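Reproduced below: input.csv, with CSV, C-alpha atoms.
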chain,number,residue,atom,x,y,z
A,1,MET,CA,83.9,75.9,103.4
A,2,LYS,CA,83.1,76.8,107.0
A,3,VAL,CA,79.7,75.1,107.0
A,4,GLN,CA,79.7,73.4,110.4
A,5,LYS,CA,81.1,74.2,113.8
A,6,ILE,CA,83.6,71.7,115.0
A,7,GLU,CA,85.1,70.9,118.4
A,8,GLU,CA,88.6,69.9,117.7
A,9,GLN,CA,90.9,71.8,115.3
A,10,HIS,CA,93.5,69.8,113.4
A,11,THR,CA,95.8,71.5,111.0
A,12,THR,CA,98.1,69.9,108.4
A,13,ASN,CA,100.2,72.0,106.0
A,14,GLY,CA,98.3,75.1,107.3
A,15,VAL,CA,95.0,73.6,106.2
A,16,ASN,CA,92.3,72.9,108.8
A,17,VAL,CA,91.6,69.3,107.9
A,18,ASN,CA,88.6,69.0,110.2
A,19,GLU,CA,87.0,71.8,108.3
A,20,LEU,CA,88.1,70.3,105.0
A,21,PHE,CA,86.4,66.9,105.9
A,22,ASN,CA,83.3,68.7,107.2
A,23,THR,CA,83.2,70.6,103.9
A,24,ILE,CA,83.4,67.4,101.9
A,25,ASP,CA,80.6,65.9,104.1
A,26,SER,CA,78.4,69.0,103.7
A,27,VAL,CA,78.8,69.0,99.9
A,28,LYS,CA,78.0,65.3,99.7
A,29,LYS,CA,74.7,66.1,101.5
A,30,SER,CA,73.9,69.2,99.6
A,31,PRO,CA,75.9,69.5,96.3
A,32,VAL,CA,74.4,72.8,95.4
A,33,ILE,CA,76.6,74.6,98.0
A,34,ALA,CA,79.6,73.7,95.9
A,35,LYS,CA,78.5,75.9,93.0
A,36,PHE,CA,80.7,79.0,93.0
A,37,LYS,CA,81.0,82.1,90.8
A,38,PHE,CA,84.3,84.0,90.7
A,39,ARG,CA,84.6,87.5,89.3
A,40,ALA,CA,87.0,90.1,88.1
A,41,ASP,CA,86.5,93.7,86.9
A,42,ASN,CA,89.0,95.3,84.6
A,43,GLU,CA,89.7,98.9,83.6
A,44,TRP,CA,92.0,100.0,80.8
A,45,ILE,CA,94.5,102.7,81.9
A,46,GLY,CA,96.5,103.3,78.7
A,47,GLY,CA,98.5,101.3,76.2
A,48,GLY,CA,99.3,97.9,77.6
A,49,HIS,CA,98.5,99.0,81.1
A,50,ASN,CA,95.2,97.9,82.7
A,51,ARG,CA,94.0,97.1,86.3
A,52,THR,CA,91.9,94.2,87.6
A,53,THR,CA,89.8,94.5,90.8
A,54,ILE,CA,88.8,91.4,92.7
A,55,LYS,CA,86.3,92.0,95.4
A,56,ASP,CA,83.4,89.5,95.6
A,57,PHE,CA,82.3,86.0,94.8
A,58,TYR,CA,79.3,83.7,95.2
A,59,GLY,CA,79.2,80.3,96.9
A,60,ILE,CA,77.3,78.2,99.5
A,61,GLN,CA,74.2,79.8,98.0
A,62,LYS,CA,75.1,83.4,98.9
A,63,GLU,CA,77.2,86.4,98.0
A,64,HIS,CA,80.6,87.0,99.7
A,65,ARG,CA,82.9,90.0,99.8
A,66,HIS,CA,86.6,89.5,100.2
A,67,GLU,CA,88.0,91.0,103.4
A,68,ALA,CA,90.3,93.1,101.3
A,69,THR,CA,89.8,94.4,97.7
A,70,PHE,CA,92.7,93.3,95.5
A,71,LYS,CA,94.0,95.4,92.6
A,72,LEU,CA,96.2,93.8,90.0
A,73,ASP,CA,98.1,95.8,87.4
A,74,ALA,CA,99.0,94.3,84.1
A,75,ASP,CA,101.3,95.8,81.6
A,76,GLU,CA,103.6,94.8,78.8
A,77,PRO,CA,107.4,95.3,79.1
A,78,PRO,CA,108.9,98.2,77.0
A,79,LEU,CA,110.1,95.5,74.5
A,80,LEU,CA,106.5,94.7,73.8
A,81,LEU,CA,105.6,98.4,73.6
A,82,GLY,CA,104.3,98.8,77.2
A,83,THR,CA,105.6,100.6,80.2
A,84,GLY,CA,106.3,97.7,82.5
A,85,LYS,CA,104.0,98.6,85.3
A,86,GLY,CA,103.1,95.0,86.1
A,87,PRO,CA,103.4,91.4,84.8
A,88,ASN,CA,101.9,90.9,81.4
A,89,PRO,CA,98.7,88.9,80.9
A,90,VAL,CA,100.4,85.7,79.9
A,91,GLU,CA,102.6,85.9,83.0
A,92,TYR,CA,99.4,86.2,85.0
A,93,LEU,CA,98.2,83.0,83.4
A,94,LEU,CA,101.3,81.2,84.6
A,95,THR,CA,100.8,82.7,88.0
A,96,ALA,CA,97.2,81.3,88.1
A,97,LEU,CA,98.5,77.9,87.1
A,98,ALA,CA,101.4,77.8,89.6
A,99,ALA,CA,99.3,79.0,92.5
A,100,CYS,CA,96.4,76.6,91.7
A,101,VAL,CA,98.5,73.4,91.2
A,102,THR,CA,100.4,74.2,94.4
A,103,THR,CA,97.2,74.8,96.4
A,104,ALA,CA,95.6,71.6,95.1
A,105,LEU,CA,98.7,69.7,96.0
A,106,VAL,CA,98.8,71.2,99.5
A,107,TYR,CA,95.1,70.7,100.3
A,108,HIS,CA,95.1,67.1,99.1
A,109,ALA,CA,98.3,66.2,100.8
A,110,ALA,CA,96.8,67.6,104.0
A,111,ALA,CA,93.7,65.4,103.5
A,112,LYS,CA,96.0,62.4,103.2
A,113,GLY,CA,97.9,63.4,106.3
A,114,ILE,CA,101.1,64.0,104.3
A,115,MET,CA,103.3,66.8,105.9
A,116,LEU,CA,104.9,69.1,103.4
A,117,LYS,CA,108.1,71.0,104.3
A,118,SER,CA,108.5,73.0,101.2
A,119,VAL,CA,107.0,73.3,97.7
A,120,GLU,CA,108.6,75.3,94.9
A,121,SER,CA,107.8,75.4,91.2
A,122,ARG,CA,109.1,77.1,88.1
A,123,LEU,CA,107.1,77.4,85.0
A,124,GLU,CA,107.9,78.2,81.4
A,125,GLY,CA,105.6,78.6,78.4
A,126,ASP,CA,106.2,79.1,74.7
A,127,ILE,CA,104.4,81.7,72.7
A,128,ASP,CA,105.0,82.7,69.1
A,129,LEU,CA,103.9,86.3,68.7
A,130,GLN,CA,103.2,85.9,65.0
A,131,GLY,CA,99.7,84.8,66.2
A,132,PHE,CA,99.1,87.9,68.4
A,133,LEU,CA,100.5,90.2,65.7
A,134,GLY,CA,98.2,88.7,63.1
A,135,ILE,CA,101.1,87.7,60.8
A,136,ASP,CA,100.5,84.0,60.3
A,137,LYS,CA,97.1,82.5,60.9
A,138,ASN,CA,98.6,79.0,61.1
A,139,VAL,CA,100.5,80.1,64.3
A,140,ARG,CA,98.2,79.9,67.4
A,141,ASN,CA,97.8,83.1,69.5
A,142,GLY,CA,98.2,81.3,72.8
A,143,TYR,CA,100.7,79.2,74.6
A,144,GLN,CA,102.0,76.3,72.5
A,145,GLU,CA,103.2,74.4,75.6
A,146,ILE,CA,103.7,75.0,79.3
A,147,ARG,CA,106.2,73.1,81.5
A,148,MET,CA,106.0,73.0,85.3
A,149,TYR,CA,109.0,71.8,87.4
A,150,PHE,CA,108.3,71.0,91.1
A,151,LYS,CA,110.8,70.7,93.9
A,152,ILE,CA,109.1,69.2,97.0
A,153,ASP,CA,110.4,68.4,100.5
A,154,ALA,CA,107.9,66.2,102.2
A,155,ASP,CA,107.5,63.6,104.9
A,156,VAL,CA,107.2,60.7,102.3
A,157,PRO,CA,109.7,58.2,100.9
A,158,GLU,CA,111.6,59.4,97.9
A,159,GLU,CA,109.7,57.0,95.6
A,160,GLU,CA,106.3,58.4,96.6
A,161,LEU,CA,107.2,62.0,95.6
A,162,GLU,CA,106.2,61.4,92.0
A,163,GLU,CA,102.7,60.3,93.2
A,164,LEU,CA,102.6,63.3,95.6
A,165,VAL,CA,103.3,65.9,92.9
A,166,GLN,CA,100.5,64.5,90.7
A,167,LEU,CA,97.9,65.5,93.4
A,168,GLY,CA,98.4,69.0,92.0
A,169,PRO,CA,97.4,68.5,88.4
A,170,THR,CA,94.8,65.9,89.4
A,171,TYR,CA,92.7,68.3,91.4
A,172,SER,CA,93.6,71.8,90.2
A,173,PRO,CA,90.8,73.9,88.7
A,174,VAL,CA,93.2,76.1,86.7
A,175,PHE,CA,95.2,73.1,85.4
A,176,ASP,CA,91.9,71.5,84.2
A,177,SER,CA,90.7,74.9,82.7
A,178,ILE,CA,94.0,75.4,80.8
A,179,THR,CA,94.6,71.9,79.6
A,180,LYS,CA,91.0,71.1,78.6
A,181,GLY,CA,89.8,74.5,77.6
A,182,VAL,CA,86.8,76.6,78.8
A,183,PRO,CA,84.0,78.1,76.7
A,184,VAL,CA,84.3,81.9,77.0
A,185,SER,CA,81.6,84.3,75.7
A,186,VAL,CA,82.3,87.9,75.0
A,187,HIS,CA,79.4,90.4,75.2
A,188,LEU,CA,79.1,94.1,74.6
A,189,ASP,CA,77.2,96.1,77.3
A,190,LYS,CA,75.2,98.8,75.7
B,1,MET,CA,109.4,94.9,70.0
B,2,LYS,CA,111.9,97.7,69.7
B,3,VAL,CA,113.9,96.3,66.8
B,4,GLN,CA,114.4,99.3,64.6
B,5,LYS,CA,115.1,103.0,65.3
B,6,ILE,CA,112.4,105.2,63.9
B,7,GLU,CA,112.3,108.9,63.2
B,8,GLU,CA,108.7,109.9,63.9
B,9,GLN,CA,106.8,108.7,66.9
B,10,HIS,CA,103.0,108.2,66.5
B,11,THR,CA,101.0,107.0,69.4
B,12,THR,CA,97.4,105.8,69.4
B,13,ASN,CA,95.7,104.6,72.6
B,14,GLY,CA,99.1,104.8,74.3
B,15,VAL,CA,100.6,102.4,71.8
B,16,ASN,CA,103.5,103.5,69.7
B,17,VAL,CA,102.1,102.4,66.3
B,18,ASN,CA,105.2,103.1,64.4
B,19,GLU,CA,107.0,100.7,66.6
B,20,LEU,CA,104.1,98.2,66.3
B,21,PHE,CA,104.3,98.4,62.5
B,22,ASN,CA,108.1,98.1,62.6
B,23,THR,CA,107.8,95.1,64.8
B,24,ILE,CA,105.4,93.5,62.4
B,25,ASP,CA,107.8,94.2,59.5
B,26,SER,CA,110.7,92.8,61.4
B,27,VAL,CA,108.9,89.6,62.4
B,28,LYS,CA,107.8,89.1,58.7
B,29,LYS,CA,111.5,89.3,57.7
B,30,SER,CA,112.7,87.1,60.6
B,31,PRO,CA,109.9,85.0,62.2
B,32,VAL,CA,112.3,83.5,64.8
B,33,ILE,CA,112.4,86.8,66.7
B,34,ALA,CA,108.7,86.2,67.6
B,35,LYS,CA,109.4,83.1,69.6
B,36,PHE,CA,109.0,84.1,73.3
B,37,LYS,CA,109.3,82.1,76.5
B,38,PHE,CA,107.5,83.5,79.6
B,39,ARG,CA,108.2,82.3,83.1
B,40,ALA,CA,107.0,82.3,86.7
B,41,ASP,CA,108.5,80.9,89.9
B,42,ASN,CA,106.2,80.0,92.8
B,43,GLU,CA,106.9,79.3,96.5
B,44,TRP,CA,104.4,77.8,98.9
B,45,ILE,CA,104.1,79.8,102.1
B,46,GLY,CA,101.5,77.9,104.1
B,47,GLY,CA,98.0,76.6,103.6
B,48,GLY,CA,96.4,78.2,100.6
B,49,HIS,CA,99.0,81.0,100.6
B,50,ASN,CA,101.8,81.0,98.0
B,51,ARG,CA,103.8,83.6,96.1
B,52,THR,CA,104.7,83.9,92.4
B,53,THR,CA,107.8,85.8,91.3
B,54,ILE,CA,108.0,87.2,87.7
B,55,LYS,CA,111.4,88.4,86.7
B,56,ASP,CA,112.6,87.4,83.3
B,57,PHE,CA,111.6,86.2,79.8
B,58,TYR,CA,113.1,85.2,76.5
B,59,GLY,CA,112.3,86.8,73.1
B,60,ILE,CA,114.0,88.3,70.0
B,61,GLN,CA,116.6,85.5,70.4
B,62,LYS,CA,117.8,86.7,73.8
B,63,GLU,CA,117.1,86.8,77.6
B,64,HIS,CA,115.5,89.8,79.2
B,65,ARG,CA,115.0,90.9,82.8
B,66,HIS,CA,111.9,92.9,83.7
B,67,GLU,CA,112.8,96.4,85.0
B,68,ALA,CA,111.1,95.5,88.3
B,69,THR,CA,110.6,92.0,89.8
B,70,PHE,CA,106.9,91.3,90.4
B,71,LYS,CA,105.6,89.4,93.5
B,72,LEU,CA,102.1,88.1,93.4
B,73,ASP,CA,100.5,86.5,96.5
B,74,ALA,CA,97.7,84.0,96.0
B,75,ASP,CA,95.5,82.7,98.8
B,76,GLU,CA,92.1,81.3,99.4
B,77,PRO,CA,89.4,83.3,101.4
B,78,PRO,CA,88.6,82.0,104.9
B,79,LEU,CA,85.5,80.4,103.5
B,80,LEU,CA,87.7,78.1,101.4
B,81,LEU,CA,90.0,77.5,104.4
B,82,GLY,CA,92.6,80.1,103.5
B,83,THR,CA,93.7,83.3,105.1
B,84,GLY,CA,92.7,85.8,102.4
B,85,LYS,CA,96.2,87.2,101.7
B,86,GLY,CA,95.6,87.6,98.0
B,87,PRO,CA,93.2,86.7,95.2
B,88,ASN,CA,92.8,83.0,94.7
B,89,PRO,CA,94.2,81.1,91.7
B,90,VAL,CA,91.0,81.0,89.7
B,91,GLU,CA,90.6,84.7,90.2
B,92,TYR,CA,94.2,85.1,88.8
B,93,LEU,CA,93.0,83.2,85.8
B,94,LEU,CA,90.2,85.7,85.2
B,95,THR,CA,92.7,88.5,85.7
B,96,ALA,CA,94.9,87.1,83.0
B,97,LEU,CA,92.0,86.8,80.6
B,98,ALA,CA,90.6,90.3,81.3
B,99,ALA,CA,94.0,91.9,80.9
B,100,CYS,CA,94.9,90.0,77.7
B,101,VAL,CA,91.7,90.5,75.9
B,102,THR,CA,91.8,94.2,76.8
B,103,THR,CA,95.4,94.6,75.6
B,104,ALA,CA,94.7,92.7,72.3
B,105,LEU,CA,91.7,95.0,71.7
B,106,VAL,CA,93.8,98.2,72.5
B,107,TYR,CA,96.8,97.2,70.4
B,108,HIS,CA,94.8,96.1,67.4
B,109,ALA,CA,92.5,99.2,67.6
B,110,ALA,CA,95.6,101.3,67.6
B,111,ALA,CA,96.9,99.5,64.5
B,112,LYS,CA,93.6,100.3,62.8
B,113,GLY,CA,93.8,103.9,63.9
B,114,ILE,CA,90.7,103.6,66.1
B,115,MET,CA,90.9,105.9,69.2
B,116,LEU,CA,89.6,104.4,72.4
B,117,LYS,CA,88.3,106.6,75.2
B,118,SER,CA,87.6,103.9,77.8
B,119,VAL,CA,87.5,100.1,78.0
B,120,GLU,CA,86.0,98.3,81.0
B,121,SER,CA,85.1,94.7,81.4
B,122,ARG,CA,83.6,92.5,84.1
B,123,LEU,CA,84.1,88.7,84.1
B,124,GLU,CA,82.3,85.9,85.8
B,125,GLY,CA,83.1,82.2,85.7
B,126,ASP,CA,81.3,79.1,87.2
B,127,ILE,CA,83.1,76.4,89.1
B,128,ASP,CA,81.5,73.5,90.9
B,129,LEU,CA,83.9,72.6,93.7
B,130,GLN,CA,82.8,69.0,93.8
B,131,GLY,CA,85.6,68.5,91.2
B,132,PHE,CA,88.3,70.1,93.3
B,133,LEU,CA,87.1,68.2,96.4
B,134,GLY,CA,87.2,64.9,94.6
B,135,ILE,CA,83.6,64.2,95.3
B,136,ASP,CA,82.2,63.6,91.8
B,137,LYS,CA,84.4,62.6,89.0
B,138,ASN,CA,81.7,63.6,86.5
B,139,VAL,CA,82.1,67.2,87.6
B,140,ARG,CA,85.0,69.0,86.0
B,141,ASN,CA,87.6,70.6,88.3
B,142,GLY,CA,87.9,73.8,86.2
B,143,TYR,CA,85.6,76.5,85.0
B,144,GLN,CA,82.5,75.3,83.3
B,145,GLU,CA,82.0,78.6,81.6
B,146,ILE,CA,83.3,82.2,81.7
B,147,ARG,CA,81.4,85.3,80.6
B,148,MET,CA,83.0,88.6,79.7
B,149,TYR,CA,81.0,91.9,79.4
B,150,PHE,CA,82.7,94.9,77.8
B,151,LYS,CA,81.8,98.5,78.0
B,152,ILE,CA,83.7,100.6,75.4
B,153,ASP,CA,83.7,104.3,74.6
B,154,ALA,CA,85.5,104.7,71.2
B,155,ASP,CA,85.6,107.0,68.2
B,156,VAL,CA,83.5,104.7,66.0
B,157,PRO,CA,79.8,104.6,65.0
B,158,GLU,CA,77.7,102.6,67.5
B,159,GLU,CA,77.1,99.8,65.0
B,160,GLU,CA,80.9,99.2,64.7
B,161,LEU,CA,81.4,98.6,68.4
B,162,GLU,CA,80.5,94.9,68.1
B,163,GLU,CA,83.2,94.5,65.5
B,164,LEU,CA,85.7,96.5,67.7
B,165,VAL,CA,85.1,94.3,70.8
B,166,GLN,CA,85.8,91.2,68.8
B,167,LEU,CA,89.4,92.4,68.2
B,168,GLY,CA,90.1,91.3,71.8
B,169,PRO,CA,89.2,87.6,71.6
B,170,THR,CA,90.5,87.4,68.0
B,171,TYR,CA,94.1,88.2,68.9
B,172,SER,CA,94.4,87.5,72.6
B,173,PRO,CA,97.0,84.8,73.6
B,174,VAL,CA,95.2,84.1,76.9
B,175,PHE,CA,91.8,83.9,75.3
B,176,ASP,CA,93.2,81.4,72.8
B,177,SER,CA,95.0,79.5,75.6
B,178,ILE,CA,91.9,79.2,77.8
B,179,THR,CA,89.3,78.5,75.1
B,180,LYS,CA,91.4,76.0,73.1
B,181,GLY,CA,93.5,74.5,75.8
B,182,VAL,CA,97.3,74.1,76.2
B,183,PRO,CA,99.4,71.0,76.8
B,184,VAL,CA,100.9,71.4,80.3
B,185,SER,CA,103.6,68.9,81.5
B,186,VAL,CA,104.4,68.5,85.2
B,187,HIS,CA,107.9,67.4,86.2
B,188,LEU,CA,109.5,66.6,89.5
B,189,ASP,CA,113.0,68.1,90.0
B,190,LYS,CA,115.2,65.7,91.9

Rewritten as structure tokens:
Amino acid sequence: MKVQKIEEQHTTNGVNVNELFNTIDSVKKSPVIAKFKFRADNEWIGGGHNRTTIKDFYGIQKEHRHEATFKLDADEPPLLLGTGKGPNPVEYLLTALAACVTTALVYHAAAKGIMLKSVESRLEGDIDLQGFLGIDKNVRNGYQEIRMYFKIDADVPEEELEELVQLGPTYSPVFDSITKGVPVSVHLDK
Amino acid sequence: MKVQKIEEQHTTNGVNVNELFNTIDSVKKSPVIAKFKFRADNEWIGGGHNRTTIKDFYGIQKEHRHEATFKLDADEPPLLLGTGKGPNPVEYLLTALAACVTTALVYHAAAKGIMLKSVESRLEGDIDLQGFLGIDKNVRNGYQEIRMYFKIDADVPEEELEELVQLGPTYSPVFDSITKGVPVSVHLDK
């Protein structure tokens, strides 16, 4: 968070580490600035096709508007009775997870002064659609398991790569949300 | 799943309900066809910017390629030391949730013969970044709570709308994944 002006700019892995350390100092002094609210608006278009709009969020005790408004189309493939106009919702979940674990790894490696050359990951998750289809109540609706495989080229000895990759799951908000669960309330606007 | 040829096509809410019922019958006869694997590949670009590619999945006992390959850019806003080239990972998580609960509602309403005119939702989730920043171990990294607000126009009496909206969370794979949690393993490819 850009909460202080700084003189010298020092960037590692594309992350301004001076700003990162300033942010950490500012949050330690005033923890309330770390309370964020993220938002999404969704509109159903037809069948399995719907569109999410991301435009604003709250943090550092005020409202912020993204510089661009993002529109994300979701749809099911024809095999799942959709028209294939976008990734499906469970693929968006994997996207959130991949992106977040990667970013957590990159930011925390930067904070430790570890230079990354490349980070790639592939994810696979298992779902038994008997849950979604309401066929067997003993089969869960959601993912049964998700596996993430990372390939990292970094300026650390081979034996430290295992420790490096763990920075991702250790600090990622989406990893924490998905592995530990989040209370979600559903309301009807009248 | 298109597993049987059918004579008459009957569509509700843009969902081919004949195919939906045929799918349910086919899965009841052969539950193994309901086992799906969804996938995502991610590549770090720089700083908080990374890109996920969605191209294939497994289901009905074989591999499938999406008709189009989807590329999803994630980034942090400048306030969070990124360059704002896409929604951030926790916004992708809300996108997955909004899209999935909507689709579950639409498909199950179709199966019940309930005509929907419009479905809109807005989501908000709270995150305290003291977790991500590694400042306070008592603060979780992930969402503390997510709230979903639905606005539905449907061909049902006002008093049945509450029951209708619950079809979403009752059958959604992402809702189940996020509220109950999923085991996620992280591996290093060598």

Nearby residues, (110.0, 86.8, 80.6) file frame, 10 Å, only C-alpha atoms, as a list of chain:residue names:
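The distance filter leaves exactly A:Pro77, A:Pro87, A:Asn88, A:Val90, A:Glu91, A:Glu124, A:Gly125, B:Phe36, B:Lys37, B:Phe38, B:Arg39, B:Ala40, B:Ile54, B:Lys55, B:Asp56, B:Phe57, B:Tyr58, B:Gly59, B:Glu63, B:His64, B:Arg65, B:His66.
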
Would you kindly return, as a compact mmCIF listing (two decimals) with C-alpha atoms, in the coordinates of the input, each protein, DNA or RNA residue with an atom no farther than 7 Å from any atom of B:Ala104, considering only C-alpha atoms and excluding same-chain residues fewer than 5 positions away?
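Dumped to selection-v4.txt:
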# COMPACT_ATOMS: atom_id res chain seq x y z
CA LEU B 167 89.40 92.40 68.20
CA GLY B 168 90.10 91.30 71.80
CA TYR B 171 94.10 88.20 68.90
CA SER B 172 94.40 87.50 72.60

For A:Ser118, which residue out of B:Thr103, B:Thr83, B:Asn42, B:Thr95 is the nearest one, using only C-alpha atoms?
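Of the candidates, the smallest distance to A:Ser118 is held by B:Asn42.
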
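The space separating atom CA of A:Asn50 from atom CA of B:Val119 comes to 9.3 Å.
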
Separation of atom CA of A:Tyr92 from atom CA of A:Leu164 in Å:
25.4 Å

List the residues sitting within 7 Å of (96.5, 72.9, 102.9) in the file's frame, using only C-alpha atoms, as a list in words.
Thr12, Asn13, Gly14, Val15, Thr103, Val106, Tyr107 and Ala110 of chain A; Gly47 and Gly48 of chain B

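Candidate residues B:Thr53, B:Leu93, B:Val32, B:Phe21 were compared for distance to B:Ser177, and the nearest is B:Leu93, using all atoms listed in the file.
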
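Restricting the calculation to all atoms listed in the file, the smallest distance between A:Ala98 and any of B:Asp75, B:Asp176, B:Asp189, B:Glu158 is found for B:Asp75.
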
Interatomic distance, atom CA of A:Pro183 to atom CA of A:Leu97 (Å, one decimal):
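Between atom CA of A:Pro183 and atom CA of A:Leu97 the gap is 17.8 Å.
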